[in-house]
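Taking it in order: structure first as structure tokens, then the write-up.
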2 protein chains.
Amino acid sequence: MTSDIERRPTAKAEETRNRILDAALRLFRDRGFDQTTMRDVATEAGVATGAAYYYYRSKEDLVMAFYLRTDQEAQEAFAKAIASSKELKKRIRGLIEAKFSQFAEHRSLLTALLKAGVDPRERLSPFGTETKQVRDANIAWFERALEGSDVSIPKDLAPHLPRLLWMYHMGLVYQWIIDETPEQRRTQRILDATLDLIIQLLRVSSLPLMGPLRKRALKVLRAVEED
Amino acid sequence: MTSDIERRPTAKAEETRNRILDAALRLFRDRGFDQTTMRDVATEAGVATGAAYYYYRSKEDLVMAFYLRTDQEAQEAFAKAIASSKELKKRIRGLIEAKFSQFAEHRSLLTALLKAGVDPRERLSPFGTETKQVRDANIAWFERALEGSDVSIPKDLAPHLPRLLWMYHMGLVYQWIIDETPEQRRTQRILDATLDLIIQLLRVSSLPLMGPLRKRALKVLRAVEED
DNA sequence: CTTATGTTTTGAACGTGTTCAGAAGGAGCG
DNA sequence: CGCTCCTTCTGAACACGTTCAAAACATAAG
């Protein structure tokens, strides 16, 4: 008798669950999210339509499961990115490129997540409550990137920076998803240019002359995070 | 025989078209976009379901029609915002607040546009090709806001600024749409703080010390606009 | 082995956006 | 008036995400 109130973690029905997700991802990758019907997924997995809904609340939920699964797998790459250098620029680039390769196989799939993602009330929005755990873990990686790096950060700015960098990284991921240039070159160029700018901004932000500007920037950050 | 290849602009079927749009907006406003079916819209307009599709390609198209209609009507408010002052801050705030009141009645409707909007390939994305005309007209308003204002702009930055301000304003509109605080107070606070920051950034950007920073920022802008 | 209880699986049915073949309604012309 | 051709409109049909009542299966208890 487990004291756990949760329904028993289950049997080897876990295998069915995985079979369905694998089938879904295979089809999504090969013919796209919109071109794949739930009936297709069920057939490919060798079950009835309803079974897919027994394990996943919705079609989008399958994308969410993919996201969680790959996020799990990406942790190691994140750690490597931090360990590889003390240079902040390299660390951030490492984190972001790890994110890109996390999604590389299924780039088009993510437009589905995008559409749900913009509405924070949606269950699978990266900004919503249901994803807080993953989000916080991701923000923590940027915290670690800053710790002991080659760029020193003004005290007042420090607590906001991890979240800020996370938002920056989300912007790049968005750009990457919608980028149709070969190999996503355009995103690479933007990554290069923005990284340079960010590092220099951080370097310069400690100068005494920058006091008033930093004050104003902090006001913005508080307005965004407040409430 | 008109030399126009376009189908004749039409008769008083234009009346039916409007009846359908009016019915749709009424229902969308009263019970929400998702809670309104196309059958409801058709019934409310006193036509068969198919008729709605004769005039509008899709349900989202109705939102687009709303957007175009109100954009039309907002032009006057934009002009007033520019004329009211030479102060850049006031002008930009005026433009943005005009945008907010343009949508005020139908705020929730716009989440529908949001979801389509993030994908630039979607027909009604504010970043797509189909909306270029409206977008350019909107960017032009920011151009006019800068012209003859109280803030002088570095030459190299000048050509990018209107588009940049437009992107800023889109960000705020996004924030405004998803803002559930009463009267969208949160968005107001963010608007206040960011406007202050932007104006000061512009003021400071001409200082000789800022040369290198501005160079880097310009590189970002070129990377974004290129291709 | 039988019965009871819970989990997993099935497939028909539902709701809603969208399509489509064709009916209805004109407008011009003989 | 009768015919032709286009525009406007109709309502049944379709596709697909999702729900649900009930069957099948598993496990434990007697």
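Here, A, B, ... name the chains of the structure tokens in the order displayed, residue numbers run from 1 inside each chain, and ligands are numbered from 1 in the same displayed order.
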Kindly provide, as number ranges by chain, the residues of chain C having any atom no farther than 8 Å from an atom of chain A, counting only C-alpha atoms (C1' of nucleotides). C: 8-11
Go ahead and save the residues from that selection, with N, CA and C atoms (P, O5', C5', C4', C3', O3' and C1' of nucleotides), as an mmCIF file, in the first residue's frame.
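out.cif, written as the output of this step:
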data_model
loop_
_atom_site.group_PDB
_atom_site.id
_atom_site.type_symbol
_atom_site.label_atom_id
_atom_site.label_comp_id
_atom_site.auth_asym_id
_atom_site.auth_seq_id
_atom_site.Cartn_x
_atom_site.Cartn_y
_atom_site.Cartn_z
ATOM 1 P P DT C 8 -3.637 1.394 -16.792
ATOM 2 O "O5'" DT C 8 -4.261 0.910 -18.167
ATOM 3 C "C5'" DT C 8 -4.018 -0.440 -18.585
ATOM 4 C "C4'" DT C 8 -4.870 -0.748 -19.785
ATOM 5 C "C3'" DT C 8 -4.629 0.143 -21.011
ATOM 6 O "O3'" DT C 8 -4.222 -0.751 -22.041
ATOM 7 C "C1'" DT C 8 -6.940 -0.192 -20.651
ATOM 8 P P DT C 9 -3.761 -0.241 -23.470
ATOM 9 O "O5'" DT C 9 -5.117 -0.358 -24.290
ATOM 10 C "C5'" DT C 9 -5.694 -1.646 -24.455
ATOM 11 C "C4'" DT C 9 -6.994 -1.527 -25.218
ATOM 12 C "C3'" DT C 9 -6.915 -0.639 -26.470
ATOM 13 O "O3'" DT C 9 -7.130 -1.484 -27.597
ATOM 14 C "C1'" DT C 9 -8.894 -0.224 -25.209
ATOM 15 P P DT C 10 -7.192 -0.886 -29.065
ATOM 16 O "O5'" DT C 10 -8.754 -0.775 -29.266
ATOM 17 C "C5'" DT C 10 -9.561 -1.921 -29.005
ATOM 18 C "C4'" DT C 10 -11.013 -1.580 -29.168
ATOM 19 C "C3'" DT C 10 -11.323 -0.831 -30.464
ATOM 20 O "O3'" DT C 10 -12.077 -1.689 -31.318
ATOM 21 C "C1'" DT C 10 -12.456 0.126 -28.573
ATOM 22 P P DG C 11 -12.009 -1.508 -32.890
ATOM 23 O "O5'" DG C 11 -13.265 -0.557 -33.118
ATOM 24 C "C5'" DG C 11 -14.525 -1.003 -32.652
ATOM 25 C "C4'" DG C 11 -15.515 0.141 -32.656
ATOM 26 C "C3'" DG C 11 -15.536 0.971 -33.942
ATOM 27 O "O3'" DG C 11 -16.879 1.369 -34.158
ATOM 28 C "C1'" DG C 11 -15.166 2.377 -32.138
#
Tell me as a PDB file with C-alpha atoms, in the first residue's frame which residues belonging to chain A come within 10 Å of chain D, counting only C-alpha atoms (C1' of nucleotides).
ATOM      1  CA  THR A  36      -1.139  14.235 -39.470  1.00  0.00           C
ATOM      2  CA  THR A  37      -4.518  13.247 -38.034  1.00  0.00           C
ATOM      3  CA  MET A  38      -5.056  11.649 -34.676  1.00  0.00           C
ATOM      4  CA  ARG A  39      -6.502   8.684 -36.539  1.00  0.00           C
ATOM      5  CA  THR A  49      -8.345   6.459 -31.904  1.00  0.00           C
ATOM      6  CA  GLY A  50      -9.590   6.753 -28.365  1.00  0.00           C
ATOM      7  CA  TYR A  53      -6.738  10.336 -25.849  1.00  0.00           C
ATOM      8  CA  ARG A  57      -5.300  15.002 -23.501  1.00  0.00           C
ATOM      9  CA  SER A  58      -5.010  16.490 -26.952  1.00  0.00           C
ATOM     10  CA  LYS A  59      -3.016  16.576 -30.147  1.00  0.00           C
TER      11      LYS A  59
END
Enumerate as an mmCIF file with N, CA and C atoms, in the first residue's frame the residues belonging to chain A that approach chain B to within 10 Å, with only C-alpha atoms taken into account.
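Result file is iface.cif:
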data_model
loop_
_atom_site.group_PDB
_atom_site.id
_atom_site.type_symbol
_atom_site.label_atom_id
_atom_site.label_comp_id
_atom_site.auth_asym_id
_atom_site.auth_seq_id
_atom_site.Cartn_x
_atom_site.Cartn_y
_atom_site.Cartn_z
ATOM 1 N N THR A 111 6.022 25.078 -34.795
ATOM 2 C CA THR A 111 5.032 26.102 -35.118
ATOM 3 C C THR A 111 3.729 25.795 -34.402
ATOM 4 N N ALA A 112 3.470 24.502 -34.199
ATOM 5 C CA ALA A 112 2.272 24.123 -33.449
ATOM 6 C C ALA A 112 2.366 24.628 -32.006
ATOM 7 N N LEU A 114 4.198 27.095 -31.052
ATOM 8 C CA LEU A 114 4.165 28.552 -31.163
ATOM 9 C C LEU A 114 2.753 29.083 -30.989
ATOM 10 N N LYS A 115 1.854 28.525 -31.789
ATOM 11 C CA LYS A 115 0.502 29.060 -31.804
ATOM 12 C C LYS A 115 -0.169 28.941 -30.462
ATOM 13 N N ALA A 116 0.060 27.819 -29.790
ATOM 14 C CA ALA A 116 -0.491 27.705 -28.447
ATOM 15 C C ALA A 116 0.315 28.583 -27.489
ATOM 16 N N GLY A 117 1.597 28.739 -27.809
ATOM 17 C CA GLY A 117 2.509 29.390 -26.874
ATOM 18 C C GLY A 117 2.262 30.864 -26.626
ATOM 19 N N VAL A 118 1.772 31.574 -27.616
ATOM 20 C CA VAL A 118 1.579 33.011 -27.431
ATOM 21 C C VAL A 118 0.520 33.334 -26.406
ATOM 22 N N ASP A 119 -0.398 32.426 -26.192
ATOM 23 C CA ASP A 119 -1.438 32.679 -25.204
ATOM 24 C C ASP A 119 -1.040 32.035 -23.871
ATOM 25 N N PRO A 120 -0.660 32.863 -22.899
ATOM 26 C CA PRO A 120 -0.136 32.309 -21.647
ATOM 27 C C PRO A 120 -1.178 31.492 -20.893
ATOM 28 N N ARG A 121 -2.438 31.609 -21.262
ATOM 29 C CA ARG A 121 -3.458 30.823 -20.572
ATOM 30 C C ARG A 121 -3.516 29.398 -21.079
ATOM 31 N N TYR A 174 12.189 31.656 -31.206
ATOM 32 C CA TYR A 174 11.080 32.045 -32.084
ATOM 33 C C TYR A 174 11.597 32.356 -33.485
ATOM 34 N N GLN A 175 12.601 33.210 -33.538
ATOM 35 C CA GLN A 175 13.195 33.580 -34.818
ATOM 36 C C GLN A 175 13.690 32.332 -35.567
ATOM 37 N N ILE A 177 12.577 29.272 -35.303
ATOM 38 C CA ILE A 177 11.469 28.454 -35.784
ATOM 39 C C ILE A 177 10.902 28.976 -37.092
ATOM 40 N N ILE A 178 10.761 30.285 -37.178
ATOM 41 C CA ILE A 178 10.135 30.843 -38.378
ATOM 42 C C ILE A 178 11.152 31.123 -39.477
ATOM 43 N N ASP A 179 12.426 30.846 -39.219
ATOM 44 C CA ASP A 179 13.490 31.162 -40.172
ATOM 45 C C ASP A 179 13.532 30.124 -41.289
ATOM 46 N N THR A 181 15.458 30.508 -44.089
ATOM 47 C CA THR A 181 16.711 30.551 -44.841
ATOM 48 C C THR A 181 17.469 29.235 -44.626
ATOM 49 N N ARG A 186 20.116 33.143 -41.243
ATOM 50 C CA ARG A 186 19.650 34.430 -40.765
ATOM 51 C C ARG A 186 19.666 34.479 -39.248
ATOM 52 N N THR A 187 19.159 33.434 -38.626
ATOM 53 C CA THR A 187 19.158 33.376 -37.168
ATOM 54 C C THR A 187 20.585 33.411 -36.635
ATOM 55 N N GLN A 188 21.494 32.725 -37.326
ATOM 56 C CA GLN A 188 22.900 32.743 -36.903
ATOM 57 C C GLN A 188 23.449 34.165 -36.903
ATOM 58 N N ARG A 189 23.151 34.889 -37.968
ATOM 59 C CA ARG A 189 23.648 36.269 -38.045
ATOM 60 C C ARG A 189 23.089 37.118 -36.917
ATOM 61 N N ILE A 190 21.796 36.938 -36.648
ATOM 62 C CA ILE A 190 21.185 37.718 -35.581
ATOM 63 C C ILE A 190 21.786 37.327 -34.239
ATOM 64 N N LEU A 191 22.018 36.039 -34.070
ATOM 65 C CA LEU A 191 22.651 35.568 -32.835
ATOM 66 C C LEU A 191 24.006 36.235 -32.643
ATOM 67 N N ASP A 192 24.823 36.234 -33.693
ATOM 68 C CA ASP A 192 26.144 36.857 -33.608
ATOM 69 C C ASP A 192 26.037 38.325 -33.190
ATOM 70 N N ALA A 193 25.200 39.043 -33.926
ATOM 71 C CA ALA A 193 25.119 40.487 -33.694
ATOM 72 C C ALA A 193 24.563 40.802 -32.312
ATOM 73 N N THR A 194 23.533 40.092 -31.898
ATOM 74 C CA THR A 194 22.930 40.411 -30.601
ATOM 75 C C THR A 194 23.846 40.008 -29.452
ATOM 76 N N LEU A 195 24.551 38.904 -29.590
ATOM 77 C CA LEU A 195 25.473 38.507 -28.515
ATOM 78 C C LEU A 195 26.529 39.588 -28.298
ATOM 79 N N ASP A 196 27.122 40.057 -29.386
ATOM 80 C CA ASP A 196 28.094 41.142 -29.284
ATOM 81 C C ASP A 196 27.504 42.322 -28.534
ATOM 82 N N LEU A 197 26.312 42.700 -28.953
ATOM 83 C CA LEU A 197 25.682 43.872 -28.350
ATOM 84 C C LEU A 197 25.433 43.661 -26.862
ATOM 85 N N ILE A 198 24.910 42.496 -26.521
ATOM 86 C CA ILE A 198 24.596 42.227 -25.121
ATOM 87 C C ILE A 198 25.845 42.274 -24.250
ATOM 88 N N GLN A 200 28.652 43.779 -24.791
ATOM 89 C CA GLN A 200 29.155 45.152 -24.636
ATOM 90 C C GLN A 200 28.246 45.964 -23.715
ATOM 91 N N LEU A 201 26.964 45.791 -23.849
ATOM 92 C CA LEU A 201 26.036 46.498 -22.959
ATOM 93 C C LEU A 201 26.345 46.165 -21.502
ATOM 94 N N VAL A 204 29.582 47.846 -20.378
ATOM 95 C CA VAL A 204 29.434 49.294 -20.257
ATOM 96 C C VAL A 204 28.504 49.679 -19.106
ATOM 97 N N PRO A 212 22.058 56.672 -14.522
ATOM 98 C CA PRO A 212 20.664 57.050 -14.801
ATOM 99 C C PRO A 212 19.986 56.101 -15.796
ATOM 100 N N LEU A 213 20.733 55.728 -16.824
ATOM 101 C CA LEU A 213 20.155 54.820 -17.818
ATOM 102 C C LEU A 213 19.788 53.490 -17.166
ATOM 103 N N ARG A 214 20.694 53.002 -16.320
ATOM 104 C CA ARG A 214 20.446 51.723 -15.674
ATOM 105 C C ARG A 214 19.224 51.809 -14.775
ATOM 106 N N LYS A 215 19.100 52.960 -14.112
ATOM 107 C CA LYS A 215 17.919 53.172 -13.263
ATOM 108 C C LYS A 215 16.637 52.997 -14.079
ATOM 109 N N ARG A 216 16.629 53.631 -15.213
ATOM 110 C CA ARG A 216 15.423 53.551 -16.055
ATOM 111 C C ARG A 216 15.175 52.122 -16.535
ATOM 112 N N ALA A 217 16.254 51.464 -16.907
ATOM 113 C CA ALA A 217 16.107 50.081 -17.370
ATOM 114 C C ALA A 217 15.555 49.210 -16.248
ATOM 115 N N LEU A 218 16.026 49.465 -15.041
ATOM 116 C CA LEU A 218 15.548 48.686 -13.902
ATOM 117 C C LEU A 218 14.065 48.921 -13.670
ATOM 118 N N LYS A 219 13.647 50.141 -13.890
ATOM 119 C CA LYS A 219 12.224 50.451 -13.735
ATOM 120 C C LYS A 219 11.393 49.618 -14.710
ATOM 121 N N VAL A 220 11.895 49.484 -15.910
ATOM 122 C CA VAL A 220 11.207 48.652 -16.894
ATOM 123 C C VAL A 220 11.132 47.216 -16.388
ATOM 124 N N LEU A 221 12.257 46.715 -15.936
ATOM 125 C CA LEU A 221 12.292 45.324 -15.476
ATOM 126 C C LEU A 221 11.312 45.106 -14.335
ATOM 127 N N ARG A 222 11.264 46.067 -13.418
ATOM 128 C CA ARG A 222 10.326 45.903 -12.302
ATOM 129 C C ARG A 222 8.887 45.940 -12.795
ATOM 130 N N ALA A 223 8.606 46.818 -13.743
ATOM 131 C CA ALA A 223 7.241 46.909 -14.273
ATOM 132 C C ALA A 223 6.838 45.587 -14.930
ATOM 133 N N VAL A 224 7.792 44.955 -15.577
ATOM 134 C CA VAL A 224 7.477 43.704 -16.275
ATOM 135 C C VAL A 224 7.284 42.563 -15.284
ATOM 136 N N GLU A 225 8.119 42.539 -14.252
ATOM 137 C CA GLU A 225 8.069 41.389 -13.351
ATOM 138 C C GLU A 225 7.032 41.535 -12.247
ATOM 139 N N GLU A 226 6.714 42.765 -11.942
ATOM 140 C CA GLU A 226 5.760 43.051 -10.875
ATOM 141 C C GLU A 226 4.396 42.401 -11.122
ATOM 142 N N ASP A 227 3.733 42.040 -10.009
ATOM 143 C CA ASP A 227 2.362 41.523 -10.050
ATOM 144 C C ASP A 227 2.257 40.085 -10.555
#
Considering only C-alpha atoms (C1' of nucleotides), return as a PyMOL selection string whatever protein or nucleic-acid residues lie within 9 Å of B:Ala98, sequence-local ones (same chain, fewer than 3 positions apart) excluded. chain B and resi 74+77-78+81+93-95+101-103
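Coordinates place atom CA of A:Arg91 at a distance of 20.1 Å from atom CA of A:Thr70.
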Excluding stretch 63-69 of chain A and its own-chain neighbours fewer than 4 positions away, which residues fall within 10 Å of it when counting only C-alpha atoms (C1' of nucleotides)? Please give them as a list in words.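 Near neighbours after the sequence-gap exclusion: Leu21, Asp22, Ala24, Leu25, Phe28, Phe33, Tyr56, Ser58, Lys59, Glu73, Ala74, Gln102, Phe103, His106, Leu109, Leu110, Ala112, Leu113, Arg123, Leu124, Ser125, Thr131 and Val134 of chain A.
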Contacts of stretch 148-160 of chain A within 7 Å, only C-alpha atoms (C1' of nucleotides), excl. fewer than 3 positions in-chain, as a PyMOL selection string: chain A and resi 86-88+145+163-164+202-203+206
Kindly save the residues from that selection, with C-alpha atoms included, as a PDB file, in the first residue's frame.
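Once everything was written out, this is result25.pdb:
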ATOM      1  CA  LYS A  86      34.450  31.010 -18.557  1.00  0.00           C
ATOM      2  CA  GLU A  87      33.612  33.413 -21.348  1.00  0.00           C
ATOM      3  CA  LEU A  88      30.037  34.571 -20.943  1.00  0.00           C
ATOM      4  CA  ALA A 145      26.240  30.931 -17.085  1.00  0.00           C
ATOM      5  CA  ARG A 163      15.252  35.857 -16.626  1.00  0.00           C
ATOM      6  CA  LEU A 164      16.184  38.564 -19.091  1.00  0.00           C
ATOM      7  CA  LEU A 202      26.869  44.505 -19.849  1.00  0.00           C
ATOM      8  CA  ARG A 203      30.490  45.697 -19.902  1.00  0.00           C
ATOM      9  CA  SER A 206      28.895  49.384 -14.799  1.00  0.00           C
TER      10      SER A 206
END
As a PyMOL selection string, please: every residue in stretch 75-183 of chain A that a backbone DSSP assignment puts in helix (DSSP H, G or I). chain A and resi 75-83+88-117+132-146+158-178+182-183
Please indicate the distance in Å from atom CA of A:Arg19 to atom CA of A:Ala104, rounded to one decimal place.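 Interatomic distance here is 21.6 Å.
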Could you please determine the separation between atom CA of A:Leu209 and atom CA of B:Leu207 in Å, to one decimal place?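 Going from atom CA of A:Leu209 over to atom CA of B:Leu207, I get 11.6 Å.
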